[in-house]
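Text of the file target_37.cif, holding mmCIF, C-alpha atoms and all ligand atoms:
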data_data
#
loop_
_atom_site.label_atom_id
_atom_site.label_comp_id
_atom_site.auth_asym_id
_atom_site.auth_seq_id
_atom_site.Cartn_x
_atom_site.Cartn_y
_atom_site.Cartn_z
CA MET A 16 -3.41 -82.92 -43.60
CA LYS A 17 -5.88 -80.15 -44.44
CA ILE A 18 -8.76 -82.49 -43.63
CA ARG A 19 -7.25 -83.27 -40.22
CA LEU A 20 -6.85 -79.57 -39.43
CA ARG A 21 -10.44 -78.77 -40.41
CA PHE A 22 -11.66 -81.64 -38.25
CA ALA A 23 -9.67 -80.45 -35.35
CA PHE A 24 -10.92 -76.88 -35.75
CA ALA A 25 -14.52 -78.07 -36.08
CA SER A 26 -14.19 -80.24 -32.98
CA LEU A 27 -12.68 -77.37 -30.95
CA PHE A 28 -15.48 -75.00 -32.05
CA ALA A 29 -18.10 -77.62 -31.19
CA LEU A 30 -16.60 -77.95 -27.72
CA CYS A 31 -16.38 -74.22 -27.12
CA PHE A 32 -19.65 -73.06 -28.61
CA PRO A 33 -21.91 -74.55 -25.91
CA LEU A 34 -19.85 -72.72 -23.34
CA PHE A 35 -20.50 -69.40 -25.12
CA ALA A 36 -24.16 -70.33 -25.54
CA ALA A 37 -24.49 -71.18 -21.81
CA ALA A 38 -22.89 -67.90 -20.76
CA PRO A 39 -24.94 -65.18 -22.42
CA SER A 40 -23.15 -62.34 -20.66
CA PHE A 41 -20.15 -61.59 -18.44
CA ALA A 42 -22.13 -59.64 -15.74
CA ALA A 43 -20.88 -59.99 -12.14
CA PRO A 44 -22.55 -62.80 -10.17
CA GLU A 45 -25.22 -61.72 -7.62
CA THR A 46 -23.36 -63.13 -4.59
CA PRO A 47 -19.93 -61.52 -4.28
CA ILE A 48 -17.05 -63.81 -3.67
CA ILE A 49 -15.89 -63.38 -0.05
CA PRO A 50 -12.13 -63.54 0.24
CA TYR A 51 -10.72 -65.84 2.90
CA CYS A 52 -10.63 -63.88 6.23
CA GLN A 53 -7.13 -63.40 7.54
CA HIS A 54 -8.26 -63.21 11.16
CA VAL A 55 -6.82 -60.55 13.38
CA TRP A 56 -7.98 -61.53 16.82
CA GLY A 57 -8.93 -58.83 19.25
CA LYS A 58 -8.32 -58.80 22.98
CA ALA A 59 -9.36 -61.92 24.85
CA THR A 60 -12.38 -61.64 27.17
CA TYR A 61 -12.41 -63.98 30.16
CA THR A 62 -15.71 -64.81 31.79
CA TRP A 63 -15.69 -66.77 35.01
CA SER A 64 -18.47 -68.91 36.41
CA GLU A 65 -19.95 -67.66 39.67
CA ASP A 66 -17.98 -70.17 41.76
CA TYR A 67 -14.80 -69.68 39.66
CA SER A 68 -14.78 -73.39 38.72
CA THR A 69 -14.69 -72.64 34.98
CA CYS A 70 -13.55 -69.84 32.71
CA THR A 71 -14.66 -69.09 29.18
CA VAL A 72 -12.37 -67.08 26.96
CA THR A 73 -13.54 -65.43 23.75
CA ARG A 74 -11.73 -63.51 21.02
CA THR A 75 -13.42 -61.75 18.15
CA CYS A 76 -11.84 -60.99 14.78
CA VAL A 77 -11.34 -57.26 14.37
CA ARG A 78 -12.08 -57.65 10.62
CA ASN A 79 -15.39 -59.43 11.07
CA LYS A 80 -17.21 -59.43 14.38
CA ASN A 81 -19.10 -62.56 13.37
CA HIS A 82 -15.86 -64.51 13.53
CA THR A 83 -15.21 -65.58 17.11
CA ILE A 84 -13.23 -68.28 18.80
CA SER A 85 -14.10 -69.44 22.27
CA GLU A 86 -13.07 -72.08 24.77
CA THR A 87 -14.19 -73.08 28.24
CA ALA A 88 -11.70 -74.61 30.65
CA ALA A 89 -11.83 -75.89 34.21
CA ALA A 90 -10.13 -73.54 36.69
CA THR A 91 -7.86 -74.45 39.59
CA LEU A 92 -7.18 -72.61 42.85
CA SER A 93 -3.55 -71.59 42.32
CA GLU A 94 -2.97 -69.31 45.33
CA GLU A 95 -4.67 -68.48 48.61
CA THR A 96 -3.54 -65.69 50.94
CA SER A 97 -4.83 -64.89 54.41
CA ALA A 98 -5.70 -61.38 55.57
CA ASP A 99 -3.26 -59.30 57.59
CA CYS A 100 -3.34 -55.73 58.87
CA ASP A 101 -3.05 -54.07 55.47
CA THR A 102 -3.91 -56.78 52.96
CA PRO A 103 -7.25 -58.53 52.40
CA ALA A 104 -7.51 -62.32 52.12
CA SER A 105 -7.70 -63.54 48.55
CA LYS A 106 -7.99 -66.58 46.30
CA THR A 107 -6.41 -66.70 42.85
CA TYR A 108 -7.83 -69.00 40.21
CA THR A 109 -6.07 -70.06 37.01
CA ALA A 110 -7.50 -71.52 33.81
CA SER A 111 -5.33 -72.85 30.96
CA PHE A 112 -6.67 -73.36 27.45
CA LYS A 113 -5.88 -75.88 24.73
CA ASN A 114 -6.02 -73.33 21.94
CA GLU A 115 -2.68 -71.49 21.86
CA ALA A 116 -4.47 -68.33 20.83
CA PHE A 117 -5.59 -68.01 24.46
CA GLU A 118 -3.26 -67.06 27.25
CA THR A 119 -3.83 -68.51 30.70
CA GLY A 120 -6.62 -66.68 32.54
CA THR A 121 -6.21 -65.62 36.17
CA ALA A 122 -8.73 -64.11 38.57
CA THR A 123 -8.04 -62.90 42.10
CA VAL A 124 -11.02 -62.69 44.42
CA VAL A 125 -11.04 -60.87 47.78
CA THR A 126 -12.52 -63.25 50.31
CA SER A 127 -12.26 -61.05 53.42
CA GLN A 128 -11.14 -57.51 54.09
CA ALA A 129 -7.84 -56.44 55.71
CA LEU A 130 -7.89 -56.79 59.49
CA GLY A 131 -6.53 -53.31 60.25
CA HIS A 132 -3.96 -52.66 62.97
CA ASP A 133 -4.61 -53.56 66.59
CA TRP A 134 -2.41 -51.00 68.29
CA ASN A 135 -0.76 -51.40 71.68
CA GLU A 136 -0.89 -48.55 74.17
CA THR A 137 0.99 -45.45 73.04
CA LYS A 138 4.39 -44.79 74.58
CA TYR A 139 5.50 -41.18 74.95
CA VAL A 140 9.02 -39.83 75.33
CA TRP A 141 9.40 -36.14 76.09
CA GLU A 142 12.33 -33.88 75.33
CA ASN A 143 14.18 -32.80 78.48
CA ASP A 144 12.80 -29.28 78.15
CA TYR A 145 9.30 -30.55 77.24
CA SER A 146 9.48 -28.73 73.92
CA ALA A 147 8.46 -31.84 71.97
CA CYS A 148 7.20 -35.37 72.47
CA THR A 149 7.67 -38.58 70.48
CA ALA A 150 4.79 -41.04 70.42
CA THR A 151 5.35 -44.69 69.47
CA ARG A 152 2.86 -47.46 68.96
CA THR A 153 3.35 -51.05 67.80
CA CYS A 154 0.76 -53.40 66.37
CA LYS A 155 -0.27 -56.44 68.45
CA ARG A 156 -0.53 -58.53 65.30
CA ASN A 157 2.89 -57.63 63.92
CA GLU A 158 5.59 -55.82 65.90
CA SER A 159 7.22 -54.57 62.71
CA HIS A 160 4.20 -52.33 62.18
CA VAL A 161 5.22 -49.21 64.10
CA LEU A 162 3.73 -45.77 64.28
CA GLU A 163 6.12 -43.04 65.37
CA GLU A 164 5.82 -39.30 65.26
CA THR A 165 7.44 -36.37 67.01
CA ALA A 166 5.33 -33.28 67.57
CA PRO A 167 6.13 -29.93 69.18
CA ALA A 168 4.50 -29.27 72.53
CA SER A 169 2.60 -26.26 73.75
CA ALA A 170 2.57 -25.22 77.39
CA VAL A 171 -0.29 -23.86 79.42
CA MET A 172 -0.18 -22.85 83.06
CA THR A 173 -3.06 -24.96 84.36
CA LYS A 174 -2.43 -24.05 87.99
CA PRO A 175 -0.99 -20.60 88.69
CA VAL A 176 2.28 -20.28 90.54
CA THR A 177 2.19 -18.18 93.62
CA ALA A 178 4.98 -17.20 95.95
CA GLU A 179 3.53 -19.68 98.46
CA GLU A 180 2.56 -22.62 96.28
CA ASP A 181 3.85 -24.44 93.20
CA GLY A 182 1.81 -24.31 90.07
CA THR A 183 1.37 -26.74 87.22
CA VAL A 184 2.35 -26.37 83.61
CA THR A 185 0.52 -28.76 81.29
CA TYR A 186 2.38 -29.60 78.12
CA THR A 187 0.39 -30.91 75.17
CA ALA A 188 1.67 -32.44 71.94
CA VAL A 189 -0.83 -33.14 69.18
CA PHE A 190 0.13 -35.65 66.47
CA SER A 191 -1.00 -35.51 62.88
CA ASN A 192 -1.55 -39.28 62.77
CA ARG A 193 -5.02 -39.89 64.20
CA ASP A 194 -3.96 -43.26 65.62
CA LEU A 195 -1.59 -41.44 67.99
CA PRO A 196 -3.55 -39.83 70.83
CA ALA A 197 -2.36 -36.43 71.97
CA ALA A 198 0.21 -36.44 74.76
CA THR A 199 -0.31 -34.39 77.89
CA LEU A 200 2.09 -33.99 80.77
CA ASP A 201 1.66 -32.02 84.00
CA VAL A 202 4.89 -30.60 85.33
CA PRO A 203 5.02 -28.86 88.70
CA ILE A 204 6.65 -25.48 88.58
CA SER A 205 7.82 -23.36 91.47
CA TYR A 206 8.00 -19.64 91.77
CA LEU A 207 11.77 -19.83 91.45
CA ASP A 208 11.62 -21.77 88.18
CA VAL A 209 9.77 -19.05 86.35
CA LEU A 210 11.36 -16.14 84.57
CA TRP A 211 8.46 -13.76 85.02
CA GLY A 212 7.66 -11.71 81.97
CA ASP A 213 9.34 -14.21 79.59
CA ALA A 214 6.21 -14.91 77.54
CA ASN A 215 8.03 -16.41 74.55
CA GLY A 216 10.30 -18.69 76.58
CA ASP A 217 13.60 -17.49 75.09
CA GLY A 218 15.16 -16.91 78.49
CA VAL A 219 15.16 -13.11 78.41
CA VAL A 220 12.56 -10.47 79.15
CA ASN A 221 12.29 -7.85 76.44
CA ASN A 222 9.91 -6.27 73.92
CA LYS A 223 9.52 -9.60 72.11
CA ASP A 224 7.49 -10.81 75.08
CA ILE A 225 5.02 -7.96 74.64
CA VAL A 226 4.69 -8.90 70.97
CA ARG A 227 4.12 -12.55 71.91
CA LEU A 228 1.44 -11.60 74.46
CA LYS A 229 -0.34 -9.38 71.94
CA ASN A 230 -0.36 -12.19 69.37
CA TYR A 231 -1.53 -14.69 71.96
CA LEU A 232 -4.43 -12.50 73.07
CA ALA A 233 -5.38 -11.54 69.49
CA ASP A 234 -5.84 -15.22 68.66
CA TYR A 235 -7.43 -16.20 71.99
CA ASP A 236 -10.75 -18.03 71.69
CA GLU A 237 -13.01 -17.37 74.68
CA GLU A 238 -15.04 -20.50 74.08
CA SER A 239 -12.21 -23.03 73.99
CA LYS A 240 -9.98 -20.94 76.27
CA THR A 241 -7.07 -21.57 73.93
CA SER A 242 -4.88 -19.72 71.45
CA THR A 243 -2.82 -21.13 68.59
CA VAL A 244 0.02 -18.85 69.76
CA ASP A 245 2.16 -20.51 72.44
CA ILE A 246 3.09 -18.76 75.64
CA PHE A 247 5.29 -19.80 78.52
CA PRO A 248 4.66 -19.74 82.29
CA GLY A 249 6.43 -16.39 82.62
CA ALA A 250 3.70 -14.78 80.45
CA ASP A 251 1.80 -14.02 83.65
CA ALA A 252 3.90 -10.92 84.16
CA SER A 253 1.45 -9.41 86.62
CA GLY A 254 1.42 -12.61 88.67
CA ASP A 255 -2.33 -12.72 89.21
CA GLY A 256 -2.82 -16.26 87.81
CA ALA A 257 -4.25 -15.15 84.46
CA VAL A 258 -2.78 -14.08 81.14
CA ASN A 259 -4.44 -10.95 79.81
CA ASN A 260 -3.85 -7.30 78.96
CA LYS A 261 -2.70 -6.58 82.51
CA ASP A 262 0.49 -8.51 81.70
CA ILE A 263 1.21 -6.24 78.75
CA VAL A 264 0.61 -3.20 80.96
CA ARG A 265 2.91 -4.63 83.63
CA LEU A 266 5.68 -5.33 81.13
CA LYS A 267 5.41 -1.82 79.65
CA ASN A 268 5.64 -0.34 83.13
CA TYR A 269 8.57 -2.60 83.89
CA PHE A 270 10.54 -1.34 80.90
CA ALA A 271 9.49 2.28 81.53
CA ASN A 272 10.83 2.19 85.06
CA LEU A 273 14.48 1.55 84.60
CA GLU A 274 16.43 3.64 87.06
CA ASP A 275 19.17 5.45 85.29
CA GLY A 276 21.48 5.47 88.24
CA SER A 277 21.19 1.89 89.51
CA GLY A 278 20.27 0.18 86.23
CA LEU A 279 17.51 -1.65 88.14
CA PHE A 280 13.89 -2.04 87.20
CA THR A 281 11.74 -0.66 89.96
CA VAL A 282 8.57 -2.45 88.85
CA THR A 283 8.46 -6.17 89.77
CA LEU A 284 7.21 -9.00 87.55
CA GLY A 285 5.26 -12.08 88.65
CA PRO A 286 3.51 -12.77 91.95
CA ALA A 287 4.56 -10.63 94.86
CA ALA A 288 7.12 -12.53 96.87
CA CA A 301 11.24 -13.54 76.33
#
Go ahead and render the structure in this file as structure tokens.
Amino acid sequence: MKIRLRFAFASLFALCFPLFAAAPSFAAPETPIIPYCQHVWGKATYTWSEDYSTCTVTRTCVRNKNHTISETAAATLSEETSADCDTPASKTYTASFKNEAFETGTATVVTSQALGHDWNETKYVWENDYSACTATRTCKRNESHVLEETAPASAVMTKPVTAEEDGTVTYTAVFSNRDLPAATLDVPISYLDVLWGDANGDGVVNNKDIVRLKNYLADYDEESKTSTVDIFPGADASGDGAVNNKDIVRLKNYFANLEDGSGLFTVTLGPAA
């Protein structure tokens, strides 16, 4: 029994010793052991051929940029839209990949620009008192495309009223939408239609009309012959066919010459009848 144990021990030592002899030290090996990469794939990048017939998708591991997966697939034309007024024509291509790590790739290509609207003539509808105008325009390509805007109108006496002859008031409405041309309307006006001295158009003649005239003249541009302050045909209080300081003077005289006894104004407004 002892002999058997010794033999066994000797045999085990003989087997192990060469291993110790072959491994003189336990220093770390020169090439480190690389653990198996648990890939975490980054965002897929899709690259299309120039004619969109193929698509190549690539994903790179966020842990090791040298680890990439890639696949190229044939693409198909999945949708084609034609251009209309607002939308450009386009083709959509789709590419599906065998590797489930890749989602289907799609690319939409604009093949021609939107056509833009082809507007019909503008229709104008004026308020009964010409204070505002509504402009409407429909598109020749699609009647559901409608432009509509209501804008306030300004009035200018383009032909003076005299006691003998009718004048003309030109109303103008300017729209903020550039595709709606400004509306202009000439309305004949007779001497009897005008409340002379009523510069602000509120139907009465009082100090407010002097204020309106002052504001109008303060803003008046000699070059364009316009003012951003509106006045009404009655602004020509002196009746000489022009609106200027003489109208303020005439209105002041008018108010200053109220006869106590009769309650009548002795100074007249507007053209001499
Ligand atoms: Ca007035």
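Residues in contact range of Ala122 in chain A, defined as at most 7 Å between only C-alpha atoms, with sequence neighbours fewer than 3 positions away removed, read Thr107, Tyr108 and Thr109 of chain A.
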Self-check item: Distance of CA of Ser169 in chain A from CA of Ser146 in chain A, expressed in Å to one decimal place
Solution: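 These two atoms are separated by 7.3 Å.
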Quiz prompt | Near-ligand residues for ligand CA 301 (chain A), threshold 8 Å, only C-alpha atoms and all ligand atoms, as a count of residues only | solution = 13
Exercise. Mind checking which residues fall within 12 Å of Ser242 in chain A, counting only C-alpha atoms, ignoring those fewer than 2 positions away in the same chain, and posting them as a PyMOL selection string?
Key: chain A and resi 169-171+227-240+244-246+258
Quiz item: Near range 62-65 of chain A, counting only C-alpha atoms, which residues have an atom at most 10 Å away, once you skip same-chain residues fewer than 3 positions from it, shown as a list in words?
Solution: Ala59, Ser68, Thr69, Cys70, Thr71, Val72, Thr73, Thr87, Ala88, Ala89, Ala90, Tyr108, Ala110, Gly120, Thr121 and Ala122 of chain A
Quiz item: Of the residues A:Gly249, A:Pro175, A:Ala197, A:Asp99, which is the one nearest to Lys155 in chain A, using all atoms listed in the file?
Solution: A:Asp99
Quiz prompt | Between CA of Asp181 in chain A and CA of Pro248 in chain A - distance in Å to one decimal | solution =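 These atoms are spaced 11.9 Å apart.
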Quiz item: Between CA of Phe117 in chain A and CA of Glu86 in chain A, what is the spacing in Å?
Solution: 8.5 Å
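Shortest separation to Gly57 in chain A among A:His82, A:Arg193, A:Arg265, A:Lys106 occurs at residue A:His82, atoms counted being all atoms listed in the file.
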Quiz prompt | Nearest residue to Tyr206 in chain A from the set A:Thr183, A:Ser85, A:Thr119, A:Ser191 (distances using only C-alpha atoms) | solution =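 The answer is A:Thr183, which sits nearest to Tyr206 in chain A.
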Mind checking which residues fall within 10 Å of Asn192 in chain A, counting all atoms listed in the file, ignoring those fewer than 5 positions away in the same chain, and posting them as an mmCIF file with C-alpha atoms, keeping the file's coordinate frame?
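Once written, selection_28.cif looks like this:
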data_model
loop_
_atom_site.group_PDB
_atom_site.id
_atom_site.type_symbol
_atom_site.label_atom_id
_atom_site.label_comp_id
_atom_site.auth_asym_id
_atom_site.auth_seq_id
_atom_site.Cartn_x
_atom_site.Cartn_y
_atom_site.Cartn_z
ATOM 1 C CA LEU A 162 3.730 -45.770 64.280
ATOM 2 C CA GLU A 163 6.120 -43.040 65.370
ATOM 3 C CA GLU A 164 5.820 -39.300 65.260
ATOM 4 C CA ALA A 197 -2.360 -36.430 71.970
#
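Nearest to Pro196 in chain A of all the residues A:Glu136, A:Asp66, A:Glu95, A:Glu115 is A:Glu136, counting all atoms listed in the file.
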Provide range 193-214 of chain A rebuilt to N, CA and C atoms, formatted as a short mmCIF file (atom, residue, chain, number, x, y, z; two decimals), in the coordinates of the input.
data_model
loop_
_atom_site.label_atom_id
_atom_site.label_comp_id
_atom_site.auth_asym_id
_atom_site.auth_seq_id
_atom_site.Cartn_x
_atom_site.Cartn_y
_atom_site.Cartn_z
N ARG A 193 -3.86 -39.77 63.31
CA ARG A 193 -5.02 -39.89 64.20
C ARG A 193 -4.95 -41.12 65.10
N ASP A 194 -4.10 -42.08 64.76
CA ASP A 194 -3.96 -43.26 65.62
C ASP A 194 -3.02 -43.01 66.80
N LEU A 195 -2.46 -41.80 66.85
CA LEU A 195 -1.59 -41.44 67.99
C LEU A 195 -2.31 -40.39 68.82
N PRO A 196 -2.85 -40.81 70.00
CA PRO A 196 -3.55 -39.83 70.83
C PRO A 196 -2.61 -38.73 71.30
N ALA A 197 -3.16 -37.56 71.50
CA ALA A 197 -2.36 -36.43 71.97
C ALA A 197 -1.71 -36.76 73.31
N ALA A 198 -0.51 -36.22 73.50
CA ALA A 198 0.21 -36.44 74.76
C ALA A 198 0.00 -35.23 75.66
N THR A 199 -0.24 -35.50 76.93
CA THR A 199 -0.31 -34.39 77.89
C THR A 199 0.56 -34.75 79.09
N LEU A 200 1.20 -33.76 79.63
CA LEU A 200 2.09 -33.99 80.77
C LEU A 200 2.00 -32.79 81.72
N ASP A 201 1.70 -33.08 82.98
CA ASP A 201 1.66 -32.02 84.00
C ASP A 201 3.01 -31.95 84.69
N VAL A 202 3.58 -30.78 84.69
CA VAL A 202 4.89 -30.60 85.33
C VAL A 202 4.75 -29.53 86.41
N PRO A 203 5.10 -29.88 87.66
CA PRO A 203 5.02 -28.86 88.70
C PRO A 203 6.07 -27.77 88.45
N ILE A 204 5.71 -26.59 88.81
CA ILE A 204 6.65 -25.48 88.58
C ILE A 204 6.60 -24.57 89.81
N SER A 205 7.78 -24.21 90.28
CA SER A 205 7.82 -23.36 91.47
C SER A 205 8.07 -21.91 91.05
N TYR A 206 7.82 -21.07 91.98
CA TYR A 206 8.00 -19.64 91.77
C TYR A 206 9.41 -19.34 91.26
N LEU A 207 10.38 -20.10 91.80
CA LEU A 207 11.77 -19.83 91.45
C LEU A 207 12.13 -20.31 90.04
N ASP A 208 11.31 -21.23 89.51
CA ASP A 208 11.62 -21.77 88.18
C ASP A 208 11.20 -20.83 87.05
N VAL A 209 10.37 -19.86 87.41
CA VAL A 209 9.77 -19.05 86.35
C VAL A 209 10.54 -17.75 86.15
N LEU A 210 10.82 -17.46 84.89
CA LEU A 210 11.36 -16.14 84.57
C LEU A 210 10.16 -15.28 84.22
N TRP A 211 9.71 -14.51 85.19
CA TRP A 211 8.46 -13.76 85.02
C TRP A 211 8.61 -12.70 83.93
N GLY A 212 7.63 -12.66 83.09
CA GLY A 212 7.66 -11.71 81.97
C GLY A 212 8.15 -12.36 80.68
N ASP A 213 8.81 -13.54 80.80
CA ASP A 213 9.34 -14.21 79.59
C ASP A 213 8.20 -15.00 78.92
N ALA A 214 7.39 -14.30 78.16
CA ALA A 214 6.21 -14.91 77.54
C ALA A 214 6.57 -15.86 76.40
#
